[in-house]
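Since the structure comes first, as C-alpha cells, the remarks are kept for the end.
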Amino acid sequence: MKALVFGSLNIDYVYSVPHFVQPGETLAATDRQIFCGGKGLNQAIAFAKYGLETWQAGAVGAGDGQMLLETLEKVGVSTNLVLKKEGPSGHTIIQNTPEGENNIILFGGANQQITKEDVDGVLQKAEEGDYLILQNEISMIPYLMEQAYKKGMHIVLNPSPVNEKIFEMPLEKVEYLILNEIEAAAILEKYGIPKMAEGEMLLDGLMETFPGTKVVLTLGKEGSRYGYHQERYAQGIFPVKAVDTTAAGDTFTGYFIGEMINGKTPAQALKTAAMASAIAVGKKGASPSIPVREEVEEKLKDR
Ligand code: RIB
C-alpha cells in the first residue's frame with residue numbers, strides 16, 4: 001500500500017514584510033526567499049518524512065521544475081509520475097509578517113494543465129487499497145476522484161484553497177475530509193447550512209452533510225477535531241511562537257493520514273499531527289519546515 005499524492009508543485013517566493021500590502025501601497029520587503037511548495041508537494045514531503053512509501057503525481061514546467069523534483073527525491077518521494085509540461089511551473093507570491101501570518105497569490109501554471117489522459121496514465125500505476133491524497137490546486141480532480149473510487153482507492157481530500165471547483169467534485173466519495181474552519185463554513189453554506197462560527201457546530205454540520213466521511217477539522221488556536229458516526233475526538237494545540245504558518249496544514253494532513261495508515265487511533269493521529277504542525281509553524285518556508293517523525297516523537301515524549 002502506498003500514499004499517492006496527486007497535487008500541486010509550486011515555487012514559493014516568500015517576501016518578509018512589516019505588514020500585508022494595502023490597496024494602492026508600494027511596500028518594501030525586508031527579505032525574499034525561494035522555497036519549494038505547493039500543497040501537493042508539501043503533503044508528499046510530510047508523508048515521506050513521516051516514513052511512508054510516497055509517490056507524487058502532478059505536473060511541473062519543463063524548464064523550471066527541476067528543483068521541485070529534486071526536493072521531493074531528497075526525502076525519498078518517488079517522482080516518476082510527475083509530468084513535464086510546456087510553460088512555467090506553478091508559483092506563488094507569499095507575504096509573511098513578523099507575527100508569522102501569511103497570504104498567498106497562486107499562479108497555477110503546469111498544475112492546471114493536467115488532462116484526463118494524464119490521470120488515466122497515473123492511475124494505471126495505482127492499486128486497490130492505495131491512498132490517494134488530493135487538494136484543490138490542480139485540474140481534472142472530479143474525474144480523478146471518480147476513477148480512483150472505481151479502482152477502490154482510499155480518497156483523502158483537503159479542499160484547499162476552497163472555491164467553486166470544490167462543488168464539481170463527487171464529495172460523497174471522500175473517505176477522509178481534512179479542512180479548516182473557513183473551508184468548512186464555505187462548504188456548509190453551499191449545502192444550505194447558514195454560516196456558523198462555532199467549531200463544534202461546524203463539525204456537527206459536516207458529519208450530518210457527509211455521513212459516510214471521516215471528518216478532520218482544524219480550528220486554529222482551538223486545536224482540531226475528528227468525527228465519524230458515533231466517534232468524536234478533540235485535540236488542543238501545542239503552543240509555539242509562530243514564525244511562518246505556510247504548510248502547517250499540509251504537515252497536519254500528512255501526519256494525520258500517516259498515523260491512520262499505520263493503524264493508530266484517530267485520537268493518537270490528531271495528537272501527532274498537532275505536534276508536527278506546531279513544529280512546522282515555528283520554522284520558515286513551506287517544505288523545509290516539515291519535521292521528520294523522530295523530531296515529532298521526541299517532542300511528544302511525556303506529553
Ligand atoms: O499550503 C501551503 C502552500 O499553499 C504553499 O506552499 C503554496 O505553494 C500554496 O500552494
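Letters A, B, ... mark the chains of the C-alpha cells in the order given; residue numbers begin at 1 per chain; ligand numbers begin at 1, in order shown.
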
* To do: Pick out the residues sitting within 9 Å of range 230-235 of chain A, and hand them over as a PyMOL selection string; count only C-alpha atoms, and ignore anything fewer than 2 positions along from it in its own chain.
  => chain A and resi 222-228+237+266-267+270-271+274

With N, CA and C atoms kept, could you save the residues just selected as a CSV table (one decimal), in the first residue's frame?
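Saved to part.csv:
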```
chain,number,residue,atom,x,y,z
A,222,GLU,N,-7.9,26.8,18.6
A,222,GLU,CA,-8.8,25.8,19.3
A,222,GLU,C,-8.5,24.4,19.1
A,223,GLY,N,-7.4,24.1,18.3
A,223,GLY,CA,-7.0,22.8,18.1
A,223,GLY,C,-7.7,22.1,16.9
A,224,SER,N,-7.9,20.8,17.1
A,224,SER,CA,-8.5,20.0,16.0
A,224,SER,C,-9.6,19.0,16.5
A,225,ARG,N,-10.4,18.6,15.6
A,225,ARG,CA,-11.5,17.7,16.0
A,225,ARG,C,-11.6,16.6,14.9
A,226,TYR,N,-12.0,15.4,15.4
A,226,TYR,CA,-12.3,14.3,14.4
A,226,TYR,C,-13.7,13.8,14.7
A,227,GLY,N,-14.5,13.5,13.6
A,227,GLY,CA,-15.8,13.0,13.8
A,227,GLY,C,-16.2,12.0,12.8
A,228,TYR,N,-16.7,10.9,13.2
A,228,TYR,CA,-17.2,9.8,12.2
A,228,TYR,C,-18.2,9.0,13.0
A,237,ILE,N,-3.9,22.6,20.8
A,237,ILE,CA,-2.7,22.8,20.1
A,237,ILE,C,-1.5,22.7,21.1
A,266,PRO,N,-7.8,7.5,15.8
A,266,PRO,CA,-7.9,9.0,15.4
A,266,PRO,C,-7.4,9.9,16.5
A,267,ALA,N,-7.6,9.5,17.8
A,267,ALA,CA,-7.1,10.4,18.9
A,267,ALA,C,-5.6,10.5,18.8
A,270,LEU,N,-4.5,12.6,15.8
A,270,LEU,CA,-4.7,14.1,16.0
A,270,LEU,C,-3.6,14.7,16.8
A,271,LYS,N,-3.1,13.9,17.8
A,271,LYS,CA,-2.1,14.4,18.7
A,271,LYS,C,-0.7,14.5,17.9
A,274,ALA,N,-0.9,17.4,15.5
A,274,ALA,CA,-0.9,18.7,16.2
A,274,ALA,C,0.6,19.0,16.5
```

So that each row is one residue of chain A with an atom at most 7 Å from ligand 1, can you give its shortest atom pair and the distance in Å to one decimal, using only C-alpha atoms and all ligand atoms, rows by chain and rising number, as a tab-separated table?
```
residue	atom	partner	partner_atom_place_in_ligand_line	distance
A:Ser8	CA	ligand 1	10 (O)	6.8
A:Leu9	CA	ligand 1	8 (O)	7.0
A:Asn10	CA	ligand 1	8 (O)	4.8
A:Ile11	CA	ligand 1	8 (O)	6.5
A:Asp12	CA	ligand 1	8 (O)	5.4
A:Cys36	CA	ligand 1	6 (O)	6.9
A:Gly37	CA	ligand 1	6 (O)	3.5
A:Gly38	CA	ligand 1	8 (O)	3.3
A:Lys39	CA	ligand 1	10 (O)	4.6
A:Asn42	CA	ligand 1	6 (O)	6.5
A:His91	CA	ligand 1	8 (O)	6.5
A:Thr92	CA	ligand 1	8 (O)	5.6
A:Ile104	CA	ligand 1	9 (C)	6.9
A:Leu106	CA	ligand 1	9 (C)	6.7
A:Thr246	CA	ligand 1	2 (C)	4.9
A:Ala247	CA	ligand 1	2 (C)	4.2
A:Gly249	CA	ligand 1	1 (O)	6.3
A:Asp250	CA	ligand 1	1 (O)	5.7
A:Ala286	CA	ligand 1	6 (O)	4.9
```

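Within the 9 Å cut-off around Gln135 in chain A, using only C-alpha atoms and omitting residues fewer than 4 positions from it on the same chain, the listed residues are A:Val5, A:Phe6, A:Gly7, A:Ser8, A:Lys39, A:Gly40, A:Ile141, A:Val156, A:Leu157, A:Asn158, A:Pro159, A:Ser160, A:Pro161.
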
Store the residues picked out above, limited to all heavy atoms, as a tab-separated table (two decimals), in the first residue's frame.
```tsv
chain	number	residue	atom	x	y	z
A	5	VAL	N	0.18	11.08	-3.69
A	5	VAL	CA	-0.27	12.47	-3.56
A	5	VAL	C	-0.33	13.05	-4.97
A	5	VAL	O	0.70	13.24	-5.61
A	5	VAL	CB	0.70	13.30	-2.68
A	5	VAL	CG1	0.18	14.73	-2.53
A	5	VAL	CG2	0.88	12.64	-1.32
A	6	PHE	N	-1.55	13.26	-5.45
A	6	PHE	CA	-1.74	13.81	-6.80
A	6	PHE	C	-2.11	15.28	-6.58
A	6	PHE	O	-3.26	15.60	-6.29
A	6	PHE	CB	-2.85	13.06	-7.53
A	6	PHE	CG	-2.77	13.12	-9.04
A	6	PHE	CD1	-3.18	12.04	-9.80
A	6	PHE	CD2	-2.30	14.24	-9.69
A	6	PHE	CE1	-3.12	12.07	-11.19
A	6	PHE	CE2	-2.23	14.29	-11.08
A	6	PHE	CZ	-2.63	13.21	-11.83
A	7	GLY	N	-1.10	16.16	-6.69
A	7	GLY	CA	-1.39	17.55	-6.33
A	7	GLY	C	-0.36	18.52	-6.87
A	7	GLY	O	0.53	18.15	-7.66
A	8	SER	N	-0.45	19.74	-6.40
A	8	SER	CA	0.34	20.84	-6.95
A	8	SER	C	1.79	20.83	-6.49
A	8	SER	O	2.12	20.39	-5.39
A	8	SER	CB	-0.28	22.17	-6.50
A	8	SER	OG	-0.35	22.18	-5.08
A	39	LYS	N	0.64	22.64	-2.26
A	39	LYS	CA	0.02	21.78	-1.23
A	39	LYS	C	0.32	20.31	-1.51
A	39	LYS	O	0.50	19.51	-0.59
A	39	LYS	CB	-1.48	22.04	-1.16
A	39	LYS	CG	-1.76	23.44	-0.63
A	39	LYS	CD	-3.22	23.74	-0.51
A	39	LYS	CE	-3.44	25.24	-0.37
A	39	LYS	NZ	-2.74	25.86	0.75
A	40	GLY	N	0.38	19.95	-2.79
A	40	GLY	CA	0.69	18.56	-3.13
A	40	GLY	C	2.09	18.18	-2.69
A	40	GLY	O	2.30	17.21	-1.97
A	141	ILE	N	-9.73	17.21	-11.12
A	141	ILE	CA	-9.95	16.47	-9.86
A	141	ILE	C	-11.26	15.66	-9.87
A	141	ILE	O	-11.26	14.51	-9.42
A	141	ILE	CB	-9.86	17.39	-8.63
A	141	ILE	CG1	-8.44	17.94	-8.55
A	141	ILE	CG2	-10.19	16.63	-7.35
A	141	ILE	CD1	-8.18	18.87	-7.41
A	156	VAL	N	-8.55	10.77	0.11
A	156	VAL	CA	-8.38	11.81	1.14
A	156	VAL	C	-8.45	13.15	0.43
A	156	VAL	O	-7.72	13.36	-0.54
A	156	VAL	CB	-7.00	11.67	1.82
A	156	VAL	CG1	-6.80	12.78	2.86
A	156	VAL	CG2	-6.82	10.29	2.44
A	157	LEU	N	-9.32	14.04	0.90
A	157	LEU	CA	-9.41	15.37	0.27
A	157	LEU	C	-9.16	16.46	1.29
A	157	LEU	O	-9.81	16.51	2.34
A	157	LEU	CB	-10.79	15.58	-0.37
A	157	LEU	CG	-11.00	16.98	-0.98
A	157	LEU	CD1	-10.09	17.21	-2.19
A	157	LEU	CD2	-12.46	17.19	-1.38
A	158	ASN	N	-8.22	17.32	0.97
A	158	ASN	CA	-8.00	18.56	1.71
A	158	ASN	C	-8.51	19.67	0.76
A	158	ASN	O	-7.80	20.04	-0.16
A	158	ASN	CB	-6.50	18.68	2.01
A	158	ASN	CG	-6.09	20.03	2.55
A	158	ASN	OD1	-5.05	20.56	2.18
A	158	ASN	ND2	-6.88	20.60	3.41
A	159	PRO	N	-9.73	20.15	0.96
A	159	PRO	CA	-10.36	21.05	-0.04
A	159	PRO	C	-9.81	22.47	0.05
A	159	PRO	O	-10.54	23.42	0.31
A	159	PRO	CB	-11.83	20.98	0.33
A	159	PRO	CG	-11.82	20.73	1.79
A	159	PRO	CD	-10.60	19.92	2.11
A	160	SER	N	-8.53	22.58	-0.22
A	160	SER	CA	-7.84	23.84	-0.02
A	160	SER	C	-7.03	24.20	-1.28
A	160	SER	O	-6.33	23.33	-1.80
A	160	SER	CB	-6.91	23.68	1.17
A	160	SER	OG	-6.24	24.87	1.45
A	161	PRO	N	-7.12	25.42	-1.79
A	161	PRO	CA	-7.97	26.51	-1.32
A	161	PRO	C	-9.43	26.26	-1.71
A	161	PRO	O	-9.69	25.65	-2.75
A	161	PRO	CB	-7.40	27.73	-2.05
A	161	PRO	CG	-6.76	27.17	-3.28
A	161	PRO	CD	-6.28	25.80	-2.94
```

* Asked: Which one is closest to Gly192 in chain A: A:Gly263, A:Gly205, A:Pro239, A:Pro98? Count only C-alpha atoms.
  ->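 Distance minimum relative to Gly192 in chain A lands on A:Gly205.
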
* Go through A:Gly285, A:Pro291, A:Gly254, A:Gly58 one by one, measure the shortest atom-to-atom distance of each to Ile94 in chain A using only C-alpha atoms, and give the residue with the smallest value. => A:Gly285

* So which residues of range 38-276 of chain A fall under helix (DSSP H, G or I) by DSSP, listed as a VMD selection string? -> chain A and resid 39 to 50 66 to 74 109 to 113 116 to 123 141 to 151 164 to 168 171 to 173 181 to 190 199 to 209 220 to 222 248 to 261 266 to 276

* To do: Enumerate the residues of range 19-89 of chain A with a DSSP assignment of strand (DSSP E or B), computed from the backbone, and present them as a PyMOL selection string.
  => chain A and resi 31-37+54-61+78-85

* Asked: Of the candidates A:Lys283, A:Lys173, A:Lys165, A:Arg293, which shows the shortest atom-to-atom distance to Met145 in chain A, using only C-alpha atoms?
  -> A:Lys173

* To do: Would you mind listing what lies within 8 Å of Pro142 in chain A as a PyMOL selection string, with only C-alpha atoms counted and same-chain residues fewer than 2 positions away left out?
  => chain A and resi 140+144-146+168-170

* With a distance cut-off of 9 Å and only C-alpha atoms, select the neighbouring residues of Gly152 in chain A, excluding the residue or stretch itself and same-chain residues fewer than 4 positions from it, and output the selection as a list in words. =>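 Residues near the query, excluding close chain neighbours: Glu127, Glu128, Gly129, Asp130, Gln147 and Ala148 of chain A.
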
* Asked: Of the residues A:Met201, A:Val119, A:Val14, A:Leu134, which is the one nearest to Ala29 in chain A, using only C-alpha atoms?
  -> A:Val14

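Residues lying within 9 Å of Pro18 in chain A, counting only C-alpha atoms and ignoring same-chain neighbours fewer than 6 positions away, are Leu27, Ala28, Ala29, Thr30, Asn96, Thr97 and Pro98 of chain A.
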
* Gln56 in chain A: which residues within 7 Å, counting only C-alpha atoms, same-chain residues fewer than 4 positions away excluded, as a VMD selection string? -> chain A and resid 4 to 6 44 77 to 79 81 to 82

Next, the residues of the selection above should be written as an mmCIF file, in the first residue's frame with all heavy atoms.
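Full text of result-v4.cif as output:
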```cif
data_model
loop_
_atom_site.group_PDB
_atom_site.id
_atom_site.type_symbol
_atom_site.label_atom_id
_atom_site.label_comp_id
_atom_site.auth_asym_id
_atom_site.auth_seq_id
_atom_site.Cartn_x
_atom_site.Cartn_y
_atom_site.Cartn_z
ATOM 1 N N LEU A 4 -0.322 8.024 -2.598
ATOM 2 C CA LEU A 4 -0.142 8.706 -3.875
ATOM 3 C C LEU A 4 -0.713 10.111 -3.727
ATOM 4 O O LEU A 4 -1.925 10.287 -3.600
ATOM 5 C CB LEU A 4 -0.884 7.944 -4.983
ATOM 6 C CG LEU A 4 -0.991 8.641 -6.341
ATOM 7 C CD1 LEU A 4 0.382 8.863 -6.959
ATOM 8 C CD2 LEU A 4 -1.836 7.806 -7.302
ATOM 9 N N VAL A 5 0.176 11.083 -3.692
ATOM 10 C CA VAL A 5 -0.269 12.472 -3.562
ATOM 11 C C VAL A 5 -0.335 13.049 -4.971
ATOM 12 O O VAL A 5 0.696 13.243 -5.613
ATOM 13 C CB VAL A 5 0.698 13.299 -2.684
ATOM 14 C CG1 VAL A 5 0.182 14.727 -2.534
ATOM 15 C CG2 VAL A 5 0.878 12.643 -1.321
ATOM 16 N N PHE A 6 -1.554 13.262 -5.452
ATOM 17 C CA PHE A 6 -1.735 13.810 -6.796
ATOM 18 C C PHE A 6 -2.113 15.277 -6.577
ATOM 19 O O PHE A 6 -3.259 15.599 -6.285
ATOM 20 C CB PHE A 6 -2.850 13.055 -7.526
ATOM 21 C CG PHE A 6 -2.774 13.123 -9.036
ATOM 22 C CD1 PHE A 6 -3.182 12.035 -9.800
ATOM 23 C CD2 PHE A 6 -2.301 14.244 -9.692
ATOM 24 C CE1 PHE A 6 -3.121 12.067 -11.193
ATOM 25 C CE2 PHE A 6 -2.229 14.292 -11.078
ATOM 26 C CZ PHE A 6 -2.633 13.208 -11.831
ATOM 27 N N ALA A 44 3.193 15.542 0.180
ATOM 28 C CA ALA A 44 4.024 14.375 -0.162
ATOM 29 C C ALA A 44 5.267 14.336 0.742
ATOM 30 O O ALA A 44 5.656 13.270 1.239
ATOM 31 C CB ALA A 44 4.432 14.433 -1.631
ATOM 32 N N VAL A 77 10.678 10.747 -1.919
ATOM 33 C CA VAL A 77 9.392 10.668 -2.640
ATOM 34 C C VAL A 77 9.675 10.257 -4.090
ATOM 35 O O VAL A 77 10.549 10.825 -4.739
ATOM 36 C CB VAL A 77 8.659 12.034 -2.637
ATOM 37 C CG1 VAL A 77 7.372 11.964 -3.463
ATOM 38 C CG2 VAL A 77 8.356 12.483 -1.212
ATOM 39 N N SER A 78 8.910 9.294 -4.591
ATOM 40 C CA SER A 78 9.071 8.879 -5.983
ATOM 41 C C SER A 78 8.420 9.914 -6.903
ATOM 42 O O SER A 78 7.263 10.291 -6.702
ATOM 43 C CB SER A 78 8.409 7.510 -6.167
ATOM 44 O OG SER A 78 8.279 7.260 -7.538
ATOM 45 N N THR A 79 9.186 10.374 -7.914
ATOM 46 C CA THR A 79 8.675 11.443 -8.797
ATOM 47 C C THR A 79 8.415 10.954 -10.225
ATOM 48 O O THR A 79 8.186 11.768 -11.116
ATOM 49 C CB THR A 79 9.671 12.623 -8.857
ATOM 50 O OG1 THR A 79 10.918 12.127 -9.367
ATOM 51 C CG2 THR A 79 9.885 13.262 -7.513
ATOM 52 N N LEU A 81 5.948 9.826 -11.587
ATOM 53 C CA LEU A 81 4.615 10.159 -12.101
ATOM 54 C C LEU A 81 4.392 11.658 -12.250
ATOM 55 O O LEU A 81 3.274 12.090 -12.524
ATOM 56 C CB LEU A 81 3.540 9.555 -11.185
ATOM 57 C CG LEU A 81 3.593 8.034 -11.044
ATOM 58 C CD1 LEU A 81 2.538 7.545 -10.056
ATOM 59 C CD2 LEU A 81 3.402 7.361 -12.394
ATOM 60 N N VAL A 82 5.441 12.443 -12.046
ATOM 61 C CA VAL A 82 5.296 13.895 -12.243
ATOM 62 C C VAL A 82 5.595 14.209 -13.714
ATOM 63 O O VAL A 82 6.662 13.877 -14.225
ATOM 64 C CB VAL A 82 6.235 14.698 -11.322
ATOM 65 C CG1 VAL A 82 6.049 16.198 -11.569
ATOM 66 C CG2 VAL A 82 5.987 14.362 -9.858
#
```

* So which one's closest to Glu86 in chain A, A:Asp120, A:Asp64, A:Glu298, A:Glu189? Using only C-alpha atoms, please. ->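 The answer is A:Asp64, which sits nearest to Glu86 in chain A.
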